[in-house]
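Notes follow the structure.
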Amino acid sequence: MSETPDNGEAARRAAELRETIAYHNHRYYVLDAPEISDAEYDALLRELQALEHAHPDLVTPDSPTQRVGAPPLEAFEEARHELPMLSLGNVFSEAELLEFDRRVRERAGAAVAYVCEPKLDGLSVNLRYEDGVLVGAATRGDGRVGEDITVNVRTIRSVPLRLDSEEAPSLVEVRGEVVIRKSDFERLNARREREGERPFANPRNAAAGSLRQLDSRITARRPLTFFTFGVGACTATLAETHSGVLERLGDWGFRVNEHVQRVEDIDGCLAYYRWLLERRDELDYEIDGVVYKVDDLAVRERLGFTARAPRWAAAHKLPAREATTVVEDILPSVGRTGVITPVADLEPVEVGGVTVSRATLHNLDEVRRKDVRIGDTVMVRRAGDVIPEITAVVTERRPEGAEPWEMPGQCPVCGSEVIRLDDEAAHRCVGGLYCPAQRMGALLHFVSRRAMDIDGLGEKLVTQLVEREMVRTAADLYHLDARRLSGLERMGEKSAANLIAAIDASRETTLARFLYALGISHVGEVTAQTLAEHFGSLEAIMAADQEALEAVPDVGPVVAQSVAHFFAQPHNREVIEALREAGVHWPEPKTAPADEAPLAGKTFVLTGTLEGYTRDEARARVEALGGKVTGSVSGKTDYVVAGADPGSKRDKAEALGVTVLDEAAFRNLIGE
Ligand code: IVH
């Protein structure tokens, strides 16, 4: 195509945009120091895309528009490295490191300085630049020939498509590691879960899977980062030292790891190792060791190579934090608050220097998401001091017939019902008053100041009472006597007598406090107060079904479910009965004198929409006149007030022969 003036202007603008975008790309992806917003960056990119779309001849291989991926490949081609990509010799202890240094100095005939680098846990990649332009990228493969992954590597923003240099060598191979940073990994996995895809086991697997995509448009959506650690073949001398080479690479626009450090001798290497080991958890990428490299390139020449690895470098492994083992069982473990956590029992395995035989699976969703089954071979990971975690299942090694794990319907400790409230991820045992697993938690809550307020019963004392089996449920507290108490550690006669007096005094309480003291999940002080006021008596609360509970203002389905299930447990009812028998009491509800309360003793159910009153207003009118409003129609209901679209409650009332009032009749009854 001939160059029209118009085309010339487009070419100038395209070149300008490419340079600006490359600059901001480098600020963002290599230096972590953006100067413009994502939106501004996107606008520049869109302008360039539009220009290239209108003038396809302007598209160059180093255009940032080429980072979005290309049509899928059938297979990867082979790519031969100009210089082989060698591996590293390992040292596993300080003694071996000192031995490595001794050999180096012997061959070098002098003291040597080293460059210490984190050994990044990713995939090594060879980038080929001709006259400063990225023309090829390959995996390591067998060291001589790898796979051509150029289209994939182009999508990695920290890989310069063109070297930022006036005099780039005619050929240079830049080598480094492709990783996914921990923070990017979390986001990537969260996105995959949202989109219903299996999460990756670890950042390394995610990086490997992303680079091996035949469809580079998928790779383009993965947050890959390239860190360079050296050069392969090169037609120019870049520097006298390795640290000098890294500096040049940084100038050209590559990301060099920020913790690379030159040290004077092997003691510096040892200090670096200890320093990095301490910081391992703070780094935003996974590392599996430290690499020490002789800094002076002339000394390197003298040292040369063995068959597989250079004599001038060594990798010092950090303790592995991931291991493979077998899930022997999955056991539901009941915590102090009744939450049931599935815990995997593992064949013991050493991870990061510690033997691991259990791993939490958090909750049923997690078990499903990871699809862990009894008998599975799994990867276990220990990061820092946190509890070991199963990161992935090796599904290829799943035994035949392994079934998905199920949460039991009954508490494994006390046999009460196990439920899952609507808004919760956790399953719970609802036998809170009775369940031995919840004993400590339940008792401490029961005696606390805002509950039964039994002064002097702290954690240490409750622990002793429970351990000596003097107290199993809250009701047992009321059968303690001073003589038995004074046998406990640090409990004199006087304090025993004081405690008995405090327990005795707590017998007189209020319904709201008592309800709160029961420790029903989701029933805090305010909800306890609301329930007490609304229902007036414990019997009424215990008799209320979920619908009736939901009809209480400020009580939603979760609280209603929780309360209804709690009182449905025979064991909980037994403990409540025992508490009342032990003399725990509260004032019965005050009822208005009969002549002032024309609706006293009458039970109403409101249904449908009234024109003149909201639900709450109608309820307030009924209650002001001494009546009660409940949520469900039964034989005990006196009136059903039916507004527009009343639904099934009206039908039920008619079936039961309960009087149904329309709005006018209701108005009449309440005298308005
Ligand atoms: S230098 C001839 N430096 O470790 C020396 N390698 O076991 C070539 N690696 O294939 C490697 N971080 O994938 C070097 N800072 C680092 C590294 C590093 C990670 C990987 C690389 C290499 C393997 C060798």
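Following the order of the structure tokens, first chain is A, next is B, and so on, with residues numbered from 1 inside each chain and ligands from 1 in the order they appear.
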
May I have the residues within 10 Å of ligand 1, computed using only C-alpha atoms and all ligand atoms, as number ranges by chain? A: 84-90, 115-126, 139-141, 143, 175-179, 227-232, 256-257, 260, 287-293, 305, 308-317

Fewer than 6 positions away in the same chain doesn't count, so skip those; otherwise give me all residues within 7 Å of region 55-68 of chain A, counting only C-alpha atoms, as a PyMOL selection string. chain A and resi 11+18+49+133+154-155+161-162+217+220

Could you take the residues named above and write them with all heavy atoms, as a PDB file, in the first residue's frame?
```pdb
ATOM      1  N   ALA A  11       0.715   6.698  10.896  1.00  0.00           N
ATOM      2  CA  ALA A  11       1.920   5.961  11.280  1.00  0.00           C
ATOM      3  C   ALA A  11       2.650   6.706  12.398  1.00  0.00           C
ATOM      4  O   ALA A  11       3.132   6.087  13.356  1.00  0.00           O
ATOM      5  CB  ALA A  11       2.838   5.795  10.071  1.00  0.00           C
ATOM      6  N   ARG A  18       2.515   3.681  20.648  1.00  0.00           N
ATOM      7  CA  ARG A  18       3.235   2.466  21.053  1.00  0.00           C
ATOM      8  C   ARG A  18       4.282   2.787  22.107  1.00  0.00           C
ATOM      9  O   ARG A  18       4.423   2.086  23.094  1.00  0.00           O
ATOM     10  CB  ARG A  18       3.903   1.821  19.843  1.00  0.00           C
ATOM     11  CG  ARG A  18       2.952   0.940  19.058  1.00  0.00           C
ATOM     12  CD  ARG A  18       3.715  -0.045  18.220  1.00  0.00           C
ATOM     13  NE  ARG A  18       4.131   0.541  16.960  1.00  0.00           N
ATOM     14  CZ  ARG A  18       3.356   0.627  15.885  1.00  0.00           C
ATOM     15  NH1 ARG A  18       2.126   0.161  15.922  1.00  0.00           N
ATOM     16  NH2 ARG A  18       3.801   1.170  14.798  1.00  0.00           N
ATOM     17  N   GLN A  49      -5.543   0.550  18.898  1.00  0.00           N
ATOM     18  CA  GLN A  49      -6.262  -0.554  18.242  1.00  0.00           C
ATOM     19  C   GLN A  49      -7.084  -0.035  17.068  1.00  0.00           C
ATOM     20  O   GLN A  49      -7.095  -0.622  15.987  1.00  0.00           O
ATOM     21  CB  GLN A  49      -7.207  -1.247  19.230  1.00  0.00           C
ATOM     22  CG  GLN A  49      -6.532  -2.378  19.979  1.00  0.00           C
ATOM     23  CD  GLN A  49      -7.311  -2.815  21.212  1.00  0.00           C
ATOM     24  OE1 GLN A  49      -8.164  -2.080  21.711  1.00  0.00           O
ATOM     25  NE2 GLN A  49      -7.007  -4.000  21.688  1.00  0.00           N
ATOM     26  N   VAL A 133      14.149  -6.635  19.182  1.00  0.00           N
ATOM     27  CA  VAL A 133      12.715  -6.960  19.112  1.00  0.00           C
ATOM     28  C   VAL A 133      12.505  -8.419  19.508  1.00  0.00           C
ATOM     29  O   VAL A 133      13.259  -9.296  19.080  1.00  0.00           O
ATOM     30  CB  VAL A 133      12.167  -6.708  17.687  1.00  0.00           C
ATOM     31  CG1 VAL A 133      10.692  -7.104  17.596  1.00  0.00           C
ATOM     32  CG2 VAL A 133      12.341  -5.248  17.303  1.00  0.00           C
ATOM     33  N   ARG A 154       4.148 -13.220  24.589  1.00  0.00           N
ATOM     34  CA  ARG A 154       3.822 -11.847  24.181  1.00  0.00           C
ATOM     35  C   ARG A 154       2.750 -11.215  25.064  1.00  0.00           C
ATOM     36  O   ARG A 154       2.665 -10.003  25.175  1.00  0.00           O
ATOM     37  CB  ARG A 154       3.243 -11.864  22.764  1.00  0.00           C
ATOM     38  CG  ARG A 154       4.213 -11.576  21.707  1.00  0.00           C
ATOM     39  CD  ARG A 154       3.448 -11.394  20.402  1.00  0.00           C
ATOM     40  NE  ARG A 154       4.247 -11.840  19.282  1.00  0.00           N
ATOM     41  CZ  ARG A 154       5.364 -11.232  18.914  1.00  0.00           C
ATOM     42  NH1 ARG A 154       5.777 -10.165  19.558  1.00  0.00           N
ATOM     43  NH2 ARG A 154       6.062 -11.692  17.909  1.00  0.00           N
ATOM     44  N   THR A 155       1.872 -12.052  25.630  1.00  0.00           N
ATOM     45  CA  THR A 155       0.767 -11.494  26.429  1.00  0.00           C
ATOM     46  C   THR A 155       1.241 -11.075  27.823  1.00  0.00           C
ATOM     47  O   THR A 155       0.498 -10.444  28.549  1.00  0.00           O
ATOM     48  CB  THR A 155      -0.375 -12.526  26.598  1.00  0.00           C
ATOM     49  OG1 THR A 155       0.083 -13.600  27.433  1.00  0.00           O
ATOM     50  CG2 THR A 155      -0.851 -13.070  25.266  1.00  0.00           C
ATOM     51  N   LEU A 161       8.386  -6.039  24.595  1.00  0.00           N
ATOM     52  CA  LEU A 161       8.292  -6.520  23.209  1.00  0.00           C
ATOM     53  C   LEU A 161       9.457  -5.940  22.404  1.00  0.00           C
ATOM     54  O   LEU A 161       9.836  -6.468  21.372  1.00  0.00           O
ATOM     55  CB  LEU A 161       6.950  -6.114  22.599  1.00  0.00           C
ATOM     56  CG  LEU A 161       5.730  -6.697  23.328  1.00  0.00           C
ATOM     57  CD1 LEU A 161       4.431  -6.148  22.744  1.00  0.00           C
ATOM     58  CD2 LEU A 161       5.736  -8.215  23.283  1.00  0.00           C
ATOM     59  N   ARG A 162       9.980  -4.832  22.897  1.00  0.00           N
ATOM     60  CA  ARG A 162      11.155  -4.207  22.278  1.00  0.00           C
ATOM     61  C   ARG A 162      12.049  -3.722  23.410  1.00  0.00           C
ATOM     62  O   ARG A 162      11.555  -3.184  24.397  1.00  0.00           O
ATOM     63  CB  ARG A 162      10.694  -3.023  21.402  1.00  0.00           C
ATOM     64  CG  ARG A 162      11.806  -2.158  20.874  1.00  0.00           C
ATOM     65  CD  ARG A 162      11.225  -0.951  20.134  1.00  0.00           C
ATOM     66  NE  ARG A 162      10.683  -1.331  18.825  1.00  0.00           N
ATOM     67  CZ  ARG A 162      11.432  -1.502  17.733  1.00  0.00           C
ATOM     68  NH1 ARG A 162      12.742  -1.319  17.787  1.00  0.00           N
ATOM     69  NH2 ARG A 162      10.881  -1.833  16.596  1.00  0.00           N
ATOM     70  N   ARG A 217      -5.253 -16.399  23.945  1.00  0.00           N
ATOM     71  CA  ARG A 217      -6.197 -15.427  24.510  1.00  0.00           C
ATOM     72  C   ARG A 217      -6.525 -15.794  25.950  1.00  0.00           C
ATOM     73  O   ARG A 217      -6.868 -14.944  26.761  1.00  0.00           O
ATOM     74  CB  ARG A 217      -7.467 -15.356  23.655  1.00  0.00           C
ATOM     75  CG  ARG A 217      -7.187 -14.668  22.313  1.00  0.00           C
ATOM     76  CD  ARG A 217      -8.305 -14.858  21.330  1.00  0.00           C
ATOM     77  NE  ARG A 217      -8.525 -16.275  21.058  1.00  0.00           N
ATOM     78  CZ  ARG A 217      -9.275 -16.733  20.065  1.00  0.00           C
ATOM     79  NH1 ARG A 217      -9.867 -15.893  19.247  1.00  0.00           N
ATOM     80  NH2 ARG A 217      -9.434 -18.016  19.884  1.00  0.00           N
ATOM     81  N   ALA A 220      -3.587 -14.607  27.995  1.00  0.00           N
ATOM     82  CA  ALA A 220      -3.638 -13.153  28.163  1.00  0.00           C
ATOM     83  C   ALA A 220      -4.460 -12.751  29.392  1.00  0.00           C
ATOM     84  O   ALA A 220      -4.250 -11.679  29.955  1.00  0.00           O
ATOM     85  CB  ALA A 220      -4.222 -12.499  26.903  1.00  0.00           C
TER      86      ALA A 220
END
```

Selection: 7 Å around Thr235 (chain A), only C-alpha atoms, excl. self and same-chain fewer than 3 positions, as a PDB file with N, CA and C atoms, in the first residue's frame:
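File produced: result16.pdb:
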```
ATOM      1  N   PRO A 169      21.952  -5.609  21.176  1.00  0.00           N
ATOM      2  CA  PRO A 169      22.758  -6.577  20.417  1.00  0.00           C
ATOM      3  C   PRO A 169      21.940  -7.164  19.267  1.00  0.00           C
ATOM      4  N   SER A 170      22.600  -7.631  18.233  1.00  0.00           N
ATOM      5  CA  SER A 170      21.818  -8.197  17.129  1.00  0.00           C
ATOM      6  C   SER A 170      21.085  -9.461  17.585  1.00  0.00           C
ATOM      7  N   LEU A 171      21.679 -10.188  18.522  1.00  0.00           N
ATOM      8  CA  LEU A 171      20.952 -11.317  19.125  1.00  0.00           C
ATOM      9  C   LEU A 171      21.233 -11.358  20.619  1.00  0.00           C
ATOM     10  N   VAL A 172      20.173 -11.518  21.398  1.00  0.00           N
ATOM     11  CA  VAL A 172      20.370 -11.799  22.825  1.00  0.00           C
ATOM     12  C   VAL A 172      19.245 -12.712  23.312  1.00  0.00           C
TER      13      VAL A 172
END
```

Expected answer as a PyMOL selection string: strand (DSSP E) residues in region 463-664 of chain A: chain A and resi 603-607+628-630+639-642+659-661

Just want the 7 Å neighbourhood of Arg382 (chain A), counted on only C-alpha atoms, with same-chain residues fewer than 3 positions away dropped. Output as a ChimeraX atom specification. /A:321-322,351-352,386-389

Using only C-alpha atoms: which of A:Leu224, A:Ala544, A:Ala137, A:Ala624 has the shortest distance to Phe567 (chain A): A:Ala544

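Among the candidate residues A:Asp329, A:Arg450, A:Arg103, A:Val112, the one lying nearest to Ala298 (chain A) is A:Val112, with distances computed using only C-alpha atoms.
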
Contacts of Val367 (chain A) at 12 Å (only C-alpha atoms; same-chain gap of 4+ positions) as a ChimeraX atom specification: /A:330-332,341-344,359-363,371-374,389-393,404-407,425-426

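The environment of Ile541 (chain A) within 12 Å, counting only C-alpha atoms and disregarding residues fewer than 6 places along the same chain, consists of Leu511, Ala512, Leu515, Ala528, Gln529, Thr530, Leu531, Ala532, Glu533, His534, Phe535, Glu547, Ala548, Leu549, Glu550, Val552, Ala560, Val563, Ala564, His565, Phe566, Phe567, Ala568 and Thr630 of chain A.
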
Dump as a short mmCIF file (atom, residue, chain, number, x, y, z; two decimals), in the first residue's frame, selection limited to N, CA, C and O atoms:
```cif
data_model
loop_
_atom_site.label_atom_id
_atom_site.label_comp_id
_atom_site.auth_asym_id
_atom_site.auth_seq_id
_atom_site.Cartn_x
_atom_site.Cartn_y
_atom_site.Cartn_z
N LEU A 511 -36.78 -13.01 81.99
CA LEU A 511 -36.93 -13.93 80.85
C LEU A 511 -35.89 -13.61 79.77
O LEU A 511 -35.29 -14.51 79.18
N ALA A 512 -35.65 -12.31 79.53
CA ALA A 512 -34.71 -11.92 78.48
C ALA A 512 -33.30 -12.41 78.80
O ALA A 512 -32.61 -12.97 77.94
N LEU A 515 -33.14 -16.22 78.40
CA LEU A 515 -33.11 -16.59 76.98
C LEU A 515 -31.72 -16.37 76.39
O LEU A 515 -31.19 -17.21 75.67
N ALA A 528 -33.02 -11.44 72.35
CA ALA A 528 -33.62 -12.10 73.52
C ALA A 528 -34.69 -11.20 74.13
O ALA A 528 -35.80 -11.65 74.46
N GLN A 529 -34.37 -9.93 74.23
CA GLN A 529 -35.32 -8.95 74.78
C GLN A 529 -36.58 -8.88 73.91
O GLN A 529 -37.71 -8.90 74.40
N THR A 530 -36.36 -8.80 72.59
CA THR A 530 -37.50 -8.71 71.67
C THR A 530 -38.40 -9.93 71.80
O THR A 530 -39.63 -9.81 71.87
N LEU A 531 -37.78 -11.10 71.85
CA LEU A 531 -38.58 -12.34 71.94
C LEU A 531 -39.34 -12.38 73.26
O LEU A 531 -40.52 -12.74 73.30
N ALA A 532 -38.66 -11.98 74.35
CA ALA A 532 -39.30 -12.01 75.66
C ALA A 532 -40.51 -11.08 75.68
O ALA A 532 -41.59 -11.45 76.14
N GLU A 533 -40.33 -9.88 75.12
CA GLU A 533 -41.44 -8.92 75.13
C GLU A 533 -42.58 -9.39 74.26
O GLU A 533 -43.75 -9.27 74.60
N HIS A 534 -42.22 -9.93 73.12
CA HIS A 534 -43.26 -10.30 72.17
C HIS A 534 -44.10 -11.46 72.67
O HIS A 534 -45.32 -11.45 72.58
N PHE A 535 -43.43 -12.50 73.16
CA PHE A 535 -44.17 -13.71 73.53
C PHE A 535 -44.60 -13.71 74.98
O PHE A 535 -45.54 -14.42 75.35
N GLU A 547 -42.67 -19.94 61.57
CA GLU A 547 -43.50 -18.87 61.00
C GLU A 547 -43.87 -17.85 62.08
O GLU A 547 -43.78 -16.65 61.88
N ALA A 548 -44.27 -18.39 63.24
CA ALA A 548 -44.66 -17.50 64.33
C ALA A 548 -43.46 -16.66 64.77
O ALA A 548 -43.60 -15.48 65.09
N LEU A 549 -42.28 -17.25 64.77
CA LEU A 549 -41.08 -16.52 65.17
C LEU A 549 -40.74 -15.44 64.15
O LEU A 549 -40.36 -14.33 64.50
N GLU A 550 -40.91 -15.78 62.90
CA GLU A 550 -40.59 -14.81 61.85
C GLU A 550 -41.53 -13.62 61.87
O GLU A 550 -41.22 -12.56 61.33
N VAL A 552 -42.28 -11.97 64.35
CA VAL A 552 -41.83 -11.00 65.34
C VAL A 552 -40.99 -9.93 64.63
O VAL A 552 -40.11 -10.27 63.84
N ALA A 560 -35.13 -17.14 63.39
CA ALA A 560 -36.31 -17.98 63.61
C ALA A 560 -35.93 -19.46 63.50
O ALA A 560 -36.29 -20.27 64.35
N VAL A 563 -33.79 -20.52 66.58
CA VAL A 563 -34.56 -20.65 67.82
C VAL A 563 -35.44 -21.90 67.76
O VAL A 563 -35.47 -22.70 68.70
N ALA A 564 -36.12 -22.07 66.66
CA ALA A 564 -37.05 -23.21 66.55
C ALA A 564 -36.29 -24.53 66.68
O ALA A 564 -36.73 -25.43 67.40
N HIS A 565 -35.13 -24.63 66.02
CA HIS A 565 -34.37 -25.89 66.11
C HIS A 565 -33.81 -26.11 67.51
O HIS A 565 -33.73 -27.24 67.98
N PHE A 566 -33.43 -25.03 68.15
CA PHE A 566 -32.86 -25.16 69.50
C PHE A 566 -33.89 -25.79 70.45
O PHE A 566 -33.61 -26.75 71.16
N PHE A 567 -35.09 -25.24 70.42
CA PHE A 567 -36.10 -25.73 71.36
C PHE A 567 -36.68 -27.07 70.94
O PHE A 567 -37.36 -27.73 71.72
N ALA A 568 -36.43 -27.45 69.70
CA ALA A 568 -36.95 -28.75 69.25
C ALA A 568 -36.09 -29.91 69.78
O ALA A 568 -36.50 -31.06 69.70
N THR A 630 -50.11 -13.52 66.60
CA THR A 630 -49.15 -14.59 66.29
C THR A 630 -49.07 -14.76 64.77
O THR A 630 -49.84 -14.15 64.03
#
```

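Interatomic distance, CA of Pro223 (chain A) against CA of Glu74 (chain A): 23.6 Å.
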
Non-local contacts of Gly335 (chain A) (12 Å; only C-alpha atoms; under 2 positions in same chain excluded) as an NGL selection string: :A and (332-333 or 337-343 or 362 or 411-413 or 426-430 or 432 or 435-442)

From a backbone DSSP assignment, name each residue in region 158-210 of chain A labelled helix (DSSP H, G or I), as a count of residues only. 21

Using only C-alpha atoms, the shortest atom-to-atom distance to Cys234 (chain A) among A:His522, A:His81, A:Arg191, A:Arg255 belongs to A:His81
